[in-house]
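> One file is attached below, protein-v8.cif, containing mmCIF, C-alpha atoms and all ligand atoms.
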```cif
data_entry
loop_
_atom_site.label_atom_id
_atom_site.label_comp_id
_atom_site.auth_asym_id
_atom_site.auth_seq_id
_atom_site.Cartn_x
_atom_site.Cartn_y
_atom_site.Cartn_z
CA MET A 1 -94.73 137.04 -9.44
CA GLY A 2 -96.51 137.74 -12.82
CA PRO A 3 -98.18 135.22 -15.14
CA SER A 4 -95.00 134.75 -17.26
CA GLY A 5 -93.04 133.89 -14.07
CA ALA A 6 -95.67 131.30 -13.15
CA ALA A 7 -95.53 129.81 -16.66
CA GLY A 8 -91.69 129.66 -16.43
CA GLY A 9 -91.93 127.88 -13.06
CA GLY A 10 -94.47 125.40 -14.47
CA GLY A 11 -92.17 124.72 -17.46
CA ARG A 12 -89.19 124.01 -15.18
CA ALA A 13 -91.27 121.61 -13.09
CA ALA A 14 -92.45 119.77 -16.22
CA ARG A 15 -88.85 119.49 -17.49
CA ALA A 16 -87.70 118.16 -14.12
CA LEU A 17 -90.53 115.62 -14.15
CA ARG A 18 -89.59 114.49 -17.68
CA LEU A 19 -85.95 114.11 -16.63
CA LEU A 20 -86.92 112.07 -13.59
CA LEU A 21 -89.11 109.83 -15.74
CA LEU A 22 -86.25 109.30 -18.19
CA LEU A 23 -83.88 108.44 -15.34
CA VAL A 24 -86.31 105.88 -13.93
CA LEU A 25 -86.77 104.33 -17.38
CA ALA A 26 -83.00 104.20 -17.90
CA LEU A 27 -82.48 102.50 -14.54
CA ALA A 28 -85.21 99.98 -15.30
CA ALA A 29 -83.53 99.22 -18.66
CA VAL A 30 -80.12 98.73 -17.01
CA GLU A 31 -81.61 96.39 -14.41
CA TYR A 32 -83.43 94.46 -17.16
CA LEU A 33 -80.40 94.15 -19.43
CA PHE A 34 -77.65 93.66 -16.83
CA GLY A 35 -79.60 92.24 -13.91
CA SER A 36 -77.58 89.07 -13.69
CA ILE A 37 -74.32 91.00 -13.58
CA LEU A 38 -75.64 93.28 -10.87
CA ASP A 39 -76.78 90.25 -8.97
CA ALA A 40 -73.20 89.14 -8.56
CA SER A 41 -71.87 92.57 -7.70
CA PRO A 42 -70.14 92.95 -4.35
CA LEU A 43 -72.59 95.70 -3.41
CA ARG A 44 -75.62 93.47 -3.70
CA THR A 45 -73.82 90.58 -2.12
CA TYR A 46 -72.91 92.79 0.79
CA LEU A 47 -76.41 94.21 1.15
CA TYR A 48 -78.20 90.90 1.08
CA THR A 49 -75.89 88.64 2.97
CA PRO A 50 -74.59 89.09 6.48
CA VAL A 51 -71.48 86.94 6.43
CA TYR A 52 -71.04 85.03 3.25
CA ASN A 53 -72.40 85.04 -0.28
CA ALA A 54 -75.76 83.38 0.11
CA THR A 55 -76.71 84.12 -3.48
CA HIS A 56 -74.43 81.27 -4.58
CA PRO A 57 -76.80 78.81 -6.20
CA THR A 58 -77.95 75.88 -4.14
CA LEU A 59 -77.03 72.62 -5.80
CA ARG A 60 -79.45 69.80 -5.41
CA PHE A 61 -79.81 66.19 -6.31
CA GLY A 62 -83.04 65.10 -7.96
CA GLU A 63 -86.12 66.73 -6.46
CA LYS A 64 -87.57 63.49 -5.16
CA PHE A 65 -84.76 61.53 -3.66
CA ALA A 66 -85.26 57.93 -2.75
CA PRO A 67 -82.28 56.12 -1.21
CA SER A 68 -82.87 53.20 -3.53
CA TRP A 69 -81.60 55.17 -6.51
CA ALA A 70 -78.08 54.29 -5.52
CA LYS A 71 -78.83 50.82 -6.83
CA ARG A 72 -78.84 52.24 -10.32
CA LEU A 73 -75.34 53.65 -10.05
CA SER A 74 -72.32 51.85 -11.24
CA VAL A 75 -68.65 52.74 -11.09
CA THR A 76 -67.98 50.48 -14.04
CA GLU A 77 -69.75 53.05 -16.19
CA PRO A 78 -68.23 56.13 -14.74
CA PRO A 79 -69.70 59.53 -15.42
CA TYR A 80 -66.12 60.86 -15.44
CA PRO A 81 -62.91 59.23 -16.65
CA GLU A 82 -61.22 59.75 -13.24
CA VAL A 83 -63.41 57.02 -11.83
CA LYS A 84 -61.35 54.46 -13.73
CA ASN A 85 -58.10 55.74 -12.32
CA ILE A 86 -58.79 55.43 -8.63
CA THR A 87 -56.21 53.46 -6.67
CA SER A 88 -58.71 51.60 -4.59
CA ARG A 89 -58.85 48.04 -3.36
CA ASN A 90 -62.56 47.90 -3.56
CA ASP A 91 -65.01 50.25 -5.21
CA THR A 92 -68.31 49.09 -3.89
CA ILE A 93 -71.77 50.43 -4.34
CA PHE A 94 -74.28 49.19 -1.85
CA ALA A 95 -78.04 49.42 -2.08
CA SER A 96 -78.20 52.52 0.06
CA ASN A 97 -74.68 53.83 0.30
CA ILE A 98 -71.42 54.29 -1.52
CA THR A 99 -68.08 53.23 -0.14
CA LEU A 100 -64.66 54.05 -1.43
CA VAL A 101 -61.81 52.23 0.21
CA MET A 102 -58.39 53.83 0.06
CA THR A 103 -55.16 51.90 -0.13
CA PRO A 104 -53.45 51.87 3.28
CA ASP A 105 -50.39 53.75 2.05
CA MET A 106 -52.37 56.66 0.70
CA THR A 107 -51.29 59.88 2.30
CA ARG A 108 -53.32 63.01 2.65
CA GLN A 109 -51.87 64.46 -0.54
CA SER A 110 -52.70 61.51 -2.75
CA ALA A 111 -56.11 61.23 -1.16
CA ASP A 112 -56.66 64.90 -1.87
CA ASN A 113 -55.89 64.45 -5.50
CA SER A 114 -57.88 61.37 -6.25
CA THR A 115 -60.53 60.00 -3.98
CA SER A 116 -62.07 63.20 -2.78
CA LEU A 117 -62.07 64.66 -6.24
CA LEU A 118 -63.51 61.42 -7.44
CA LEU A 119 -66.27 61.54 -4.87
CA SER A 120 -67.35 65.02 -5.85
CA ARG A 121 -67.21 64.00 -9.47
CA ILE A 122 -69.32 60.95 -8.75
CA LEU A 123 -71.82 63.09 -6.88
CA GLU A 124 -71.99 65.48 -9.81
CA GLY A 125 -72.44 62.48 -12.07
CA TYR A 126 -75.26 61.18 -9.92
CA ARG A 127 -76.99 64.48 -10.16
CA ASN A 128 -76.78 64.29 -13.90
CA GLN A 129 -77.83 60.67 -14.03
CA THR A 130 -80.62 60.69 -11.56
CA THR A 131 -82.41 63.94 -12.07
CA THR A 132 -85.47 63.70 -14.24
CA GLU A 133 -85.40 67.39 -15.00
CA SER A 134 -83.92 68.99 -18.07
CA THR A 135 -80.84 71.18 -17.75
CA ASP A 136 -83.04 74.24 -18.17
CA ALA A 137 -85.39 73.14 -15.45
CA ARG A 138 -82.45 72.58 -13.12
CA LYS A 139 -81.05 75.96 -14.03
CA ASN A 140 -84.34 77.51 -12.97
CA GLU A 141 -84.22 75.53 -9.78
CA THR A 142 -80.96 77.20 -8.84
CA GLU A 143 -82.66 80.53 -9.36
CA LEU A 144 -85.21 79.94 -6.63
CA PRO A 145 -85.72 82.99 -4.45
CA LEU A 146 -83.65 83.22 -1.29
CA CYS A 147 -85.24 81.63 1.76
CA PRO A 148 -86.64 84.15 4.28
CA ASP A 149 -83.91 85.65 6.42
CA SER A 150 -85.81 85.15 9.65
CA LEU A 151 -87.35 82.02 11.09
CA PRO A 152 -91.13 81.68 11.38
CA PRO A 153 -92.17 83.28 14.71
CA ASP A 154 -93.71 80.07 16.05
CA LEU A 155 -90.36 78.22 16.17
CA GLY A 156 -89.21 77.49 19.69
CA PRO A 157 -88.43 74.60 22.05
CA VAL A 158 -88.33 71.03 20.69
CA PRO A 159 -88.50 67.75 22.60
CA VAL A 160 -85.73 65.12 22.54
CA ASN A 161 -86.01 61.38 22.34
CA LYS A 162 -83.02 59.76 24.06
CA THR A 163 -84.21 56.17 23.82
CA ASP A 164 -82.05 53.69 21.93
CA MET A 165 -83.01 53.26 18.30
CA GLU A 166 -81.79 51.42 15.21
CA LEU A 167 -80.19 53.41 12.43
CA ASP A 168 -81.94 51.55 9.61
CA ILE A 169 -85.33 52.35 11.16
CA VAL A 170 -84.38 56.03 11.52
CA GLU A 171 -83.26 56.08 7.87
CA LYS A 172 -86.77 55.17 6.74
CA GLU A 173 -88.20 58.18 8.56
CA TYR A 174 -86.48 60.75 6.38
CA PRO A 175 -86.79 59.93 2.68
CA GLU A 176 -86.29 63.61 1.83
CA ILE A 177 -82.68 63.49 3.03
CA GLN A 178 -80.23 62.93 0.22
CA LEU A 179 -77.32 60.52 0.10
CA GLY A 180 -74.51 61.52 2.46
CA GLY A 181 -76.93 63.14 4.94
CA ARG A 182 -77.46 66.16 2.72
CA TYR A 183 -80.46 68.45 2.46
CA ALA A 184 -81.45 71.71 0.80
CA PRO A 185 -84.87 73.38 1.10
CA PRO A 186 -87.04 72.46 -1.89
CA ASN A 187 -88.71 75.83 -2.47
CA CYS A 188 -86.03 78.41 -1.89
CA THR A 189 -82.27 78.91 -2.08
CA ALA A 190 -80.80 78.48 1.38
CA ARG A 191 -79.00 81.47 2.88
CA HIS A 192 -76.56 79.19 4.69
CA ARG A 193 -74.52 76.24 3.45
CA VAL A 194 -73.48 74.40 6.54
CA ALA A 195 -71.28 71.34 7.15
CA ILE A 196 -71.95 69.67 10.50
CA ILE A 197 -68.69 68.02 11.56
CA VAL A 198 -68.99 65.33 14.23
CA PRO A 199 -65.86 63.68 15.69
CA PHE A 200 -66.63 60.05 16.44
CA ARG A 201 -65.45 56.82 18.04
CA ASP A 202 -67.26 54.06 19.94
CA ARG A 203 -70.57 55.90 20.18
CA LYS A 204 -72.71 53.76 17.89
CA GLN A 205 -75.66 53.96 20.26
CA HIS A 206 -75.57 57.77 20.04
CA LEU A 207 -75.38 57.99 16.27
CA ALA A 208 -78.98 56.98 15.53
CA ILE A 209 -80.35 59.21 18.32
CA PHE A 210 -78.26 62.13 17.04
CA LEU A 211 -79.35 61.75 13.40
CA HIS A 212 -82.95 61.19 14.41
CA HIS A 213 -82.92 64.50 16.29
CA MET A 214 -80.75 66.61 14.01
CA HIS A 215 -82.32 66.05 10.59
CA PRO A 216 -85.82 67.32 11.40
CA PHE A 217 -84.28 70.13 13.46
CA LEU A 218 -82.03 71.34 10.65
CA MET A 219 -84.64 70.91 7.91
CA LYS A 220 -86.96 73.29 9.77
CA GLN A 221 -84.25 75.95 9.76
CA GLN A 222 -84.27 76.05 5.95
CA ILE A 223 -80.52 75.76 5.60
CA GLU A 224 -78.57 73.63 3.15
CA TYR A 225 -76.49 71.19 5.16
CA GLY A 226 -74.56 67.93 5.27
CA ILE A 227 -73.72 65.78 8.29
CA PHE A 228 -70.15 64.40 8.37
CA ILE A 229 -69.25 61.80 10.97
CA VAL A 230 -65.46 61.66 11.20
CA GLU A 231 -64.31 58.46 12.87
CA GLN A 232 -60.84 57.85 14.29
CA GLU A 233 -59.38 54.47 13.35
CA GLY A 234 -56.96 52.64 15.61
CA ASN A 235 -56.27 52.62 19.34
CA SER A 236 -54.46 55.89 20.01
CA GLU A 237 -56.05 58.36 22.41
CA PHE A 238 -59.03 60.14 20.92
CA ASN A 239 -58.07 63.39 19.19
CA ARG A 240 -61.27 65.38 18.79
CA ALA A 241 -59.59 68.49 17.40
CA LYS A 242 -57.60 66.73 14.70
CA LEU A 243 -60.72 64.85 13.59
CA MET A 244 -62.48 68.19 13.19
CA ASN A 245 -59.63 69.48 11.05
CA VAL A 246 -60.01 66.38 8.87
CA GLY A 247 -63.77 66.95 8.72
CA PHE A 248 -63.23 70.52 7.58
CA VAL A 249 -60.89 69.46 4.75
CA GLU A 250 -62.80 66.38 3.59
CA SER A 251 -66.32 67.84 3.73
CA GLN A 252 -65.14 70.80 1.70
CA LYS A 253 -64.23 68.48 -1.17
CA LEU A 254 -67.63 66.81 -1.24
CA ARG A 255 -69.68 69.85 -2.21
CA ALA A 256 -69.17 71.73 -5.44
CA GLY A 257 -68.48 75.31 -4.36
CA GLY A 258 -67.72 74.15 -0.81
CA TRP A 259 -69.42 74.93 2.50
CA GLN A 260 -69.47 78.44 3.98
CA CYS A 261 -70.12 77.56 7.54
CA PHE A 262 -68.84 74.74 9.78
CA ILE A 263 -70.49 73.56 12.95
CA PHE A 264 -68.21 71.41 15.08
CA HIS A 265 -70.55 69.19 17.04
CA ASP A 266 -70.21 66.64 19.83
CA ILE A 267 -72.42 63.64 19.13
CA ASP A 268 -73.86 63.61 22.66
CA LEU A 269 -75.39 67.10 22.46
CA LEU A 270 -78.89 67.69 21.10
CA PRO A 271 -80.20 71.24 20.60
CA LEU A 272 -83.47 72.00 22.37
CA ASP A 273 -84.61 75.18 20.65
CA LEU A 274 -85.15 75.86 16.95
CA ARG A 275 -84.24 79.52 17.38
CA ASN A 276 -80.67 78.30 17.89
CA MET A 277 -79.78 78.81 14.22
CA TYR A 278 -77.21 76.49 12.72
CA SER A 279 -75.50 79.22 10.74
CA CYS A 280 -72.35 81.34 11.10
CA PRO A 281 -72.61 84.93 12.23
CA ARG A 282 -69.90 87.59 11.88
CA GLN A 283 -68.02 86.27 14.90
CA PRO A 284 -67.36 82.62 15.82
CA ARG A 285 -70.31 81.37 17.82
CA HIS A 286 -70.26 79.09 20.83
CA MET A 287 -73.62 77.36 20.51
CA SER A 288 -73.91 74.96 23.46
CA SER A 289 -73.75 77.47 26.31
CA SER A 290 -76.68 76.05 28.21
CA ILE A 291 -76.52 72.26 28.81
CA ASP A 292 -78.96 70.31 31.00
CA LYS A 293 -76.21 68.29 32.73
CA LEU A 294 -74.41 71.53 33.60
CA HIS A 295 -77.64 72.95 35.08
CA PHE A 296 -78.08 75.23 32.05
CA LYS A 297 -75.17 77.40 33.29
CA LEU A 298 -72.14 78.57 31.36
CA PRO A 299 -69.12 76.89 33.06
CA TYR A 300 -66.73 79.76 32.24
CA GLU A 301 -66.74 82.80 29.99
CA ASP A 302 -64.25 81.65 27.32
CA ILE A 303 -65.55 78.10 26.87
CA PHE A 304 -65.80 77.08 23.21
CA GLY A 305 -66.45 73.33 23.48
CA GLY A 306 -69.43 71.09 22.73
CA VAL A 307 -70.91 72.80 19.67
CA SER A 308 -69.31 75.78 17.94
CA ALA A 309 -69.75 77.53 14.60
CA MET A 310 -67.13 79.17 12.40
CA THR A 311 -67.09 80.37 8.81
CA GLN A 312 -64.58 78.89 6.43
CA GLU A 313 -62.59 82.15 6.52
CA GLN A 314 -62.56 82.32 10.32
CA PHE A 315 -61.42 78.71 10.58
CA LYS A 316 -58.59 79.25 8.11
CA LYS A 317 -57.54 82.47 9.81
CA VAL A 318 -56.95 80.68 13.12
CA ASN A 319 -55.23 77.78 11.28
CA GLY A 320 -57.99 75.37 12.38
CA PHE A 321 -57.70 73.37 15.59
CA SER A 322 -54.43 72.18 17.10
CA ASN A 323 -53.48 68.62 16.10
CA LYS A 324 -51.74 67.95 19.40
CA TYR A 325 -54.45 67.24 21.95
CA TRP A 326 -54.64 63.45 22.51
CA GLY A 327 -57.20 62.50 25.17
CA TRP A 328 -59.91 64.53 26.85
CA GLY A 329 -59.87 68.30 27.33
CA GLY A 330 -58.11 71.47 26.36
CA GLU A 331 -58.49 71.41 22.58
CA ASP A 332 -61.57 73.65 22.68
CA ASP A 333 -59.82 76.08 25.06
CA ASP A 334 -56.93 76.13 22.61
CA MET A 335 -59.39 77.13 19.84
CA SER A 336 -60.85 79.76 22.13
CA TYR A 337 -57.33 81.28 22.50
CA ARG A 338 -56.80 81.21 18.75
CA VAL A 339 -60.12 82.91 18.09
CA ARG A 340 -59.35 85.75 20.50
CA LYS A 341 -55.70 85.99 19.48
CA VAL A 342 -56.61 86.90 15.87
CA GLY A 343 -59.08 89.52 17.08
CA PHE A 344 -62.43 87.73 16.98
CA HIS A 345 -64.70 87.48 19.95
CA ILE A 346 -67.01 84.63 20.93
CA ALA A 347 -70.67 85.22 20.12
CA ARG A 348 -73.53 83.40 21.90
CA TYR A 349 -77.28 83.17 21.83
CA LYS A 350 -79.00 83.89 25.08
CA MET A 351 -79.12 81.03 27.57
CA SER A 352 -82.84 80.40 27.03
CA ILE A 353 -82.14 79.62 23.35
CA ALA A 354 -78.71 77.93 23.44
CA ARG A 355 -80.12 74.95 25.36
CA TYR A 356 -78.92 71.38 24.82
CA ALA A 357 -79.63 67.94 26.21
CA MET A 358 -76.59 65.75 26.82
CA LEU A 359 -76.68 61.99 26.24
CA ASP A 360 -75.20 59.70 28.89
CA HIS A 361 -71.65 58.47 28.40
CA LYS A 362 -68.59 57.47 30.35
CA LYS A 363 -66.20 60.33 31.03
CA SER A 364 -62.82 59.82 29.35
CA ALA A 365 -59.48 60.25 31.10
CA PRO A 366 -58.28 63.87 30.94
CA ASN A 367 -55.12 64.60 29.00
CA PRO A 368 -52.43 65.43 31.59
CA LYS A 369 -50.49 67.49 29.03
CA ARG A 370 -53.33 69.87 28.23
CA TYR A 371 -52.25 72.76 30.47
CA GLN A 372 -48.69 72.62 29.19
CA LEU A 373 -49.98 72.65 25.59
CA LEU A 374 -52.34 75.53 26.36
CA SER A 375 -49.49 77.61 27.72
CA GLN A 376 -47.85 77.48 24.26
CA THR A 377 -50.92 78.15 22.08
CA SER A 378 -50.51 81.84 21.43
CA LYS A 379 -46.89 81.31 20.35
CA VAL A 380 -47.28 78.24 18.17
CA PHE A 381 -50.79 78.22 16.72
CA GLN A 382 -49.72 79.32 13.25
CA LYS A 383 -47.42 76.27 13.09
CA ASP A 384 -49.89 73.74 14.45
CA GLY A 385 -53.25 73.20 12.79
CA LEU A 386 -54.54 73.06 9.23
CA SER A 387 -51.09 74.03 7.97
CA THR A 388 -49.50 70.91 9.49
CA LEU A 389 -52.41 68.48 9.26
CA GLN A 390 -51.47 64.96 8.13
CA TYR A 391 -53.69 61.91 8.01
CA GLN A 392 -54.52 58.80 6.07
CA LEU A 393 -58.00 58.72 4.68
CA VAL A 394 -59.18 55.13 5.08
CA LYS A 395 -62.73 55.15 3.79
CA VAL A 396 -65.49 57.56 2.85
CA THR A 397 -69.00 56.14 2.87
CA LEU A 398 -72.05 58.03 1.71
CA ASN A 399 -74.88 56.71 3.85
CA HIS A 400 -78.43 57.90 3.62
CA LEU A 401 -78.35 60.09 6.74
CA HIS A 402 -74.64 60.89 7.02
CA THR A 403 -71.28 60.86 5.31
CA HIS A 404 -68.90 58.62 7.21
CA VAL A 405 -65.22 59.57 7.00
CA LEU A 406 -62.94 56.92 8.51
CA VAL A 407 -59.45 58.22 9.08
CA ASN A 408 -56.13 57.26 10.59
CA ILE A 409 -54.78 60.35 12.33
CA ASP A 410 -51.85 58.76 14.17
CA GLU A 411 -48.65 60.75 13.97
CA LEU A 412 -46.89 59.78 10.74
CA SER A 413 -43.35 58.70 11.53
C1 LIG B 1 -61.66 71.48 29.39
C2 LIG B 1 -62.49 71.66 28.15
C3 LIG B 1 -63.93 71.29 28.47
C4 LIG B 1 -64.43 72.09 29.63
C5 LIG B 1 -65.86 71.79 30.02
C6 LIG B 1 -62.25 72.28 30.52
O1 LIG B 1 -61.51 72.07 31.70
O2 LIG B 1 -60.34 71.93 29.15
O3 LIG B 1 -61.97 70.87 27.14
O4 LIG B 1 -64.74 71.54 27.33
O5 LIG B 1 -63.59 71.87 30.73
O6 LIG B 1 -66.05 70.49 30.36
#
```
Turn this file's structure into structure tokens for me.
Ligand code: BGC

Amino acid sequence: MGPSGAAGGGGRAARALRLLLLLVLALAAVEYLFGSILDASPLRTYLYTPVYNATHPTLRFGEKFAPSWAKRLSVTEPPYPEVKNITSRNDTIFASNITLVMTPDMTRQSADNSTSLLLSRILEGYRNQTTTESTDARKNETELPLCPDSLPPDLGPVPVNKTDMELDIVEKEYPEIQLGGRYAPPNCTARHRVAIIVPFRDRKQHLAIFLHHMHPFLMKQQIEYGIFIVEQEGNSEFNRAKLMNVGFVESQKLRAGGWQCFIFHDIDLLPLDLRNMYSCPRQPRHMSSSIDKLHFKLPYEDIFGGVSAMTQEQFKKVNGFSNKYWGWGGEDDDMSYRVRKVGFHIARYKMSIARYAMLDHKKSAPNPKRYQLLSQTSKVFQKDGLSTLQYQLVKVTLNHLHTHVLVNIDELS
């Protein structure tokens, strides 16, 4: 090739370089001008988040929460007009918690439309009243970078303390927990927004031990979470599954934007390894595969009881739990059927990670009807579950370390 050919080649290369430079500059300008739009685009959401949209801003109460701030709140000066309209017998604000008492004849529908809405409104109002930051500062706070997507490598086994303890002493240990048993990492936006739903009755001695163990455990995992203790009122047989359905519905109303991930958790199980992430993967996860009292062995392949994790979408797709299991056993197997029936499979951590300690308790009487009910699951599950859930919400109390939902779930005649 002659000198003119070489010059032509050099010219083409320079033109290509200029074009490339222009393209890079144009891309940088688009990112600068429309960055916030791109941030919400499905492509980015998909690339950055495994299951759900973790870029949704984390909402927080005031940075430094002290339980005593509840003293300053008053329902007689409501932040929202709805507060005046509540049909309640007794709107009480205690020094460290908030209680709303529903009228006994309130059905699920009326509760849906007033009290729960009211509670979220009150919480929003509290945020506005109690934060010392300006709106702009809070806006920046929601733009904190995402928390790292992997846990620090040194996280591993944790000890448990099963000795009896008093709840008010435990409460003093965790001033960083916000009213209702809520927490979000202070320096980054959590990738997971998780509601821990705990069905409850007659286990007062376990509650303090559970909260004492779970809060430090969950805080270390850098997730945003809330702990919801759903207590069954009355003397009917315990209905664990229906309480979890109630927990799903009620907890969802208490967080603006809702929760993405739900962990259904027996109160007598305490996780023993921090690598057991309290988040929701692509498939429903059975978390408590390896329990000390069961010799750290999986009892059977399809078991889904104890502690299990499902996204909001997964839970809705299977129509939640059945409402029909009164007494011990079967309701988790029913959920296991549902999960597999709609095409999911059960995910698990390895046995060395999914380890739990079980607290002592009396074994309840098994439900003699459970096998008969289980034989019907695959035929009836779309007509028994969230779609047919009915209950009377009795009282919602925002305590320092947990939200207490008291509910009457007896069959409505
Ligand atoms: C019951 C389940 C229970 C499992 C393990 C099964 O027979 O149906 O409800 O979780 O045993 O105890």
> Which one of A:Glu313, A:Asp384, A:Asp302, A:Asp360 sits closest to ligand LIG 1 (chain B) if you count all atoms listed in the file?
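Closest to ligand LIG 1 (chain B), using all atoms listed in the file: A:Asp302.
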> Using all atoms of range 388-399 of chain A that appear in the file, construct an axis-aligned enclosing box with 4 Å of padding on every side and provide its centre coordinates and edge lengths in Å, rounded to one decimal, as lines of an AutoDock Vina configuration file.

```
center_x = -62.2
center_y = 63.0
center_z = 5.6
size_x = 33.4
size_y = 23.8
size_z = 15.8
```
> Go through the chains and note each residue within 6 Å of ligand LIG 1 (chain B), using only C-alpha atoms and all ligand atoms, then give the set as number ranges by chain.
A: 305, 329-333
> Counting all atoms listed in the file, which residue out of A:His404, A:His213, A:Arg193, A:Arg338 sits closest to Leu270 in chain A?
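Among the listed residues, the smallest separation from Leu270 in chain A belongs to A:His213.
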> Do a neighbour search on Val230 in chain A at 8 Å with all atoms listed in the file, toss out local chain neighbours closer than 2 positions, and write the hits as a list in words.
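So, after excluding close chain neighbours, the residues are Ile197, Val198, Pro199, Phe200, Phe228, Gln232, Leu243, Met244, Val246, Gly247, His404, Val405, Leu406 and Val407 of chain A.
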> With all atoms listed in the file as the basis for distance, which of A:Leu167, A:Ile223, A:Met358, A:Met351 is at the shortest distance from Asp266 in chain A?
A:Met358
> If I take CA of Gln222 in chain A and CA of Asn276 in chain A, how far is one from the other in Å, to one decimal?
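If I compute the distance from CA of Gln222 in chain A to CA of Asn276 in chain A, I get 12.7 Å.
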> Just checking: using all atoms listed in the file, which residue out of A:Leu393, A:Val194, A:Leu218, A:Ile303 ends up closest to Gly258 in chain A?
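Checking each candidate against Gly258 in chain A, we get A:Val194 as the closest.
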> Using only C-alpha atoms, what table do you get, as JSON lines, when you list each residue of range 263-330 of chain A with an atom no more than 8 Å from range 151-157 of chain A, its nearest pair of atoms, and their distance in Å rounded to one decimal, rows by chain then rising number?

```
{"residue": "A:Leu272", "atom": "CA", "partner": "A:Pro157", "partner_atom": "CA", "distance": 5.6}
{"residue": "A:Asp273", "atom": "CA", "partner": "A:Pro157", "partner_atom": "CA", "distance": 4.1}
{"residue": "A:Leu274", "atom": "CA", "partner": "A:Gly156", "partner_atom": "CA", "distance": 5.2}
{"residue": "A:Arg275", "atom": "CA", "partner": "A:Gly156", "partner_atom": "CA", "distance": 5.8}
```
> Compile the contact shell of Gly327 in chain A as a list of chain:residue names: residues with an atom at most 9 Å away, counting all atoms listed in the file, same-chain residues fewer than 3 positions apart removed.
A:Ser236, A:Glu237, A:Phe238, A:Asn239, A:Arg240, A:Ser364, A:Ala365, A:Pro366, A:Asn367, A:Pro368, A:Arg370
> Excluding Lys242 in chain A and residues on its chain fewer than 6 positions from it, collect all residues at most 8 Å away from it, counting only C-alpha atoms, and give them as a list in words.
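The filter keeps Phe321, Ser322, Asn323, Lys324, Tyr325, Leu389 and Ile409 of chain A.
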> May I ask for the distance between CA of Leu146 in chain A and CA of Glu176 in chain A, given in Å to one decimal place?
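Computing it gives 20.0 Å between the two atoms.
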> As an exercise, work out the distance from CA of Pro148 in chain A to CA of Phe248 in chain A in Å and give it to one decimal place.
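Going from CA of Pro148 in chain A over to CA of Phe248 in chain A, I get 27.3 Å.
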> Using all atoms listed in the file, which residue out of A:Gly234, A:Ile267, A:Phe262, A:His345 lies closest to Val394 in chain A?
A:Gly234
> Which is closest to Ile169 in chain A among A:His400, A:Leu294, A:Val24, A:Ser288, if we use all atoms listed in the file?
A:His400
